[in-house]
$ cat data21.pdb   # PDB, C-alpha atoms
ATOM      1  CA  MET A   1       0.000   0.000   0.000  1.00  0.00           C
ATOM      2  CA  ASN A   2       1.374   3.416  -0.885  1.00  0.00           C
ATOM      3  CA  THR A   3       0.908   6.673   1.022  1.00  0.00           C
ATOM      4  CA  LYS A   4      -1.954   7.933  -1.159  1.00  0.00           C
ATOM      5  CA  GLU A   5      -3.895   4.690  -0.661  1.00  0.00           C
ATOM      6  CA  LEU A   6      -3.309   4.874   3.080  1.00  0.00           C
ATOM      7  CA  ILE A   7      -4.543   8.470   3.206  1.00  0.00           C
ATOM      8  CA  ASP A   8      -7.597   7.608   1.087  1.00  0.00           C
ATOM      9  CA  GLN A   9      -8.477   4.775   3.475  1.00  0.00           C
ATOM     10  CA  ALA A  10      -7.971   6.994   6.522  1.00  0.00           C
ATOM     11  CA  ILE A  11     -10.224   9.691   5.044  1.00  0.00           C
ATOM     12  CA  ALA A  12     -12.957   7.083   4.540  1.00  0.00           C
ATOM     13  CA  LEU A  13     -13.015   6.278   8.279  1.00  0.00           C
ATOM     14  CA  PRO A  14     -15.715   7.678  10.579  1.00  0.00           C
ATOM     15  CA  VAL A  15     -14.740  10.992  12.180  1.00  0.00           C
ATOM     16  CA  GLU A  16     -13.981   9.463  15.602  1.00  0.00           C
ATOM     17  CA  GLU A  17     -11.578   6.945  14.077  1.00  0.00           C
ATOM     18  CA  ARG A  18      -9.917   9.632  11.932  1.00  0.00           C
ATOM     19  CA  ALA A  19      -9.375  11.692  15.078  1.00  0.00           C
ATOM     20  CA  LEU A  20      -7.747   8.676  16.725  1.00  0.00           C
ATOM     21  CA  VAL A  21      -5.456   8.192  13.708  1.00  0.00           C
ATOM     22  CA  VAL A  22      -4.492  11.874  13.713  1.00  0.00           C
ATOM     23  CA  ASP A  23      -3.838  11.857  17.456  1.00  0.00           C
ATOM     24  CA  SER A  24      -1.709   8.723  17.160  1.00  0.00           C
ATOM     25  CA  LEU A  25       0.332  10.173  14.310  1.00  0.00           C
ATOM     26  CA  LEU A  26       0.883  13.470  16.120  1.00  0.00           C
ATOM     27  CA  ARG A  27       1.943  11.661  19.288  1.00  0.00           C
ATOM     28  CA  SER A  28       4.465   9.675  17.256  1.00  0.00           C
ATOM     29  CA  LEU A  29       6.012  12.954  16.075  1.00  0.00           C
ATOM     30  CA  ASN A  30       5.865  14.676  19.446  1.00  0.00           C
ATOM     31  CA  PRO A  31       5.592  12.118  22.252  1.00  0.00           C
ATOM     32  CA  PRO A  32       4.049  13.327  25.515  1.00  0.00           C
ATOM     33  CA  GLN A  33       6.541  14.449  28.139  1.00  0.00           C
ATOM     34  CA  SER A  34       4.810  13.974  31.464  1.00  0.00           C
ATOM     35  CA  GLU A  35       7.115  16.280  33.430  1.00  0.00           C
ATOM     36  CA  ILE A  36       6.635  19.154  30.994  1.00  0.00           C
ATOM     37  CA  ASP A  37       2.906  18.438  30.716  1.00  0.00           C
ATOM     38  CA  ALA A  38       2.626  18.572  34.528  1.00  0.00           C
ATOM     39  CA  GLN A  39       4.438  21.915  34.622  1.00  0.00           C
ATOM     40  CA  TRP A  40       2.139  23.375  31.954  1.00  0.00           C
ATOM     41  CA  SER A  41      -0.898  22.054  33.802  1.00  0.00           C
ATOM     42  CA  LYS A  42       0.264  23.738  37.006  1.00  0.00           C
ATOM     43  CA  GLU A  43       0.979  26.993  35.144  1.00  0.00           C
ATOM     44  CA  SER A  44      -2.393  26.995  33.399  1.00  0.00           C
ATOM     45  CA  ARG A  45      -4.215  26.458  36.714  1.00  0.00           C
ATOM     46  CA  ARG A  46      -2.243  29.345  38.246  1.00  0.00           C
ATOM     47  CA  ARG A  47      -3.128  31.635  35.340  1.00  0.00           C
ATOM     48  CA  LEU A  48      -6.799  30.657  35.474  1.00  0.00           C
ATOM     49  CA  THR A  49      -6.870  31.412  39.201  1.00  0.00           C
ATOM     50  CA  GLU A  50      -5.349  34.853  38.524  1.00  0.00           C
ATOM     51  CA  LEU A  51      -7.951  35.571  35.831  1.00  0.00           C
ATOM     52  CA  ARG A  52     -10.881  34.465  37.967  1.00  0.00           C
ATOM     53  CA  SER A  53      -9.703  36.471  40.973  1.00  0.00           C
ATOM     54  CA  GLY A  54      -9.321  39.637  38.911  1.00  0.00           C
ATOM     55  CA  GLN A  55      -5.610  39.768  39.687  1.00  0.00           C
ATOM     56  CA  VAL A  56      -4.927  40.004  35.949  1.00  0.00           C
ATOM     57  CA  GLU A  57      -7.072  40.903  32.936  1.00  0.00           C
ATOM     58  CA  ALA A  58      -7.426  38.816  29.812  1.00  0.00           C
ATOM     59  CA  VAL A  59      -6.152  40.285  26.566  1.00  0.00           C
ATOM     60  CA  SER A  60      -8.076  39.431  23.410  1.00  0.00           C
ATOM     61  CA  GLY A  61      -6.349  37.729  20.529  1.00  0.00           C
ATOM     62  CA  GLU A  62      -7.205  40.750  18.402  1.00  0.00           C
ATOM     63  CA  VAL A  63      -5.220  43.027  20.729  1.00  0.00           C
ATOM     64  CA  VAL A  64      -2.266  40.633  20.770  1.00  0.00           C
ATOM     65  CA  PHE A  65      -2.136  40.430  16.979  1.00  0.00           C
ATOM     66  CA  GLN A  66      -2.398  44.220  16.704  1.00  0.00           C
ATOM     67  CA  ARG A  67       0.558  44.624  19.089  1.00  0.00           C
ATOM     68  CA  VAL A  68       2.603  42.130  17.074  1.00  0.00           C
ATOM     69  CA  TRP A  69       1.669  43.876  13.844  1.00  0.00           C
ATOM     70  CA  ASP A  70       2.603  47.273  15.288  1.00  0.00           C
ATOM     71  CA  ARG A  71       6.033  45.980  16.335  1.00  0.00           C
ATOM     72  CA  PHE A  72       6.535  44.340  12.959  1.00  0.00           C
ATOM     73  CA  LYS A  73       5.817  47.592  11.097  1.00  0.00           C
ATOM     74  CA  ARG A  74       8.567  49.506  12.948  1.00  0.00           C
TER      75      ARG A  74
END
$ encode --input "data21.pdb" --output "structure tokens"
Amino acid sequence: MNTKELIDQAIALPVEERALVVDSLLRSLNPPQSEIDAQWSKESRRRLTELRSGQVEAVSGEVVFQRVWDRFKR
């Protein structure tokens, strides 16, 4: 079986099975690193706590992209 045939067969799968194939392929390229994942989980919980408490304010994606664009134009 060549790559095109494999892709054609994968595309014909139900959506849940395609998602499983995609997830498996991505994990093979970038295997989970539990220590790093744990650190990111801890950081994301800390940031969510700060947002919910009002300690920090969320910045919209639109604002972020505008700031990047403004810096790029300099």
$ atom_distance --input "data21.pdb" --atom1 "CA of Glu62 (chain A)" --atom2 "CA of Trp40 (chain A)"
23.9 Å
$ atom_distance --input "data21.pdb" --atom1 "CA of Gln9 (chain A)" --atom2 "CA of Leu29 (chain A)"
20.9 Å
$ atom_distance --input "data21.pdb" --atom1 "CA of Ile7 (chain A)" --atom2 "CA of Leu25 (chain A)"
12.2 Å
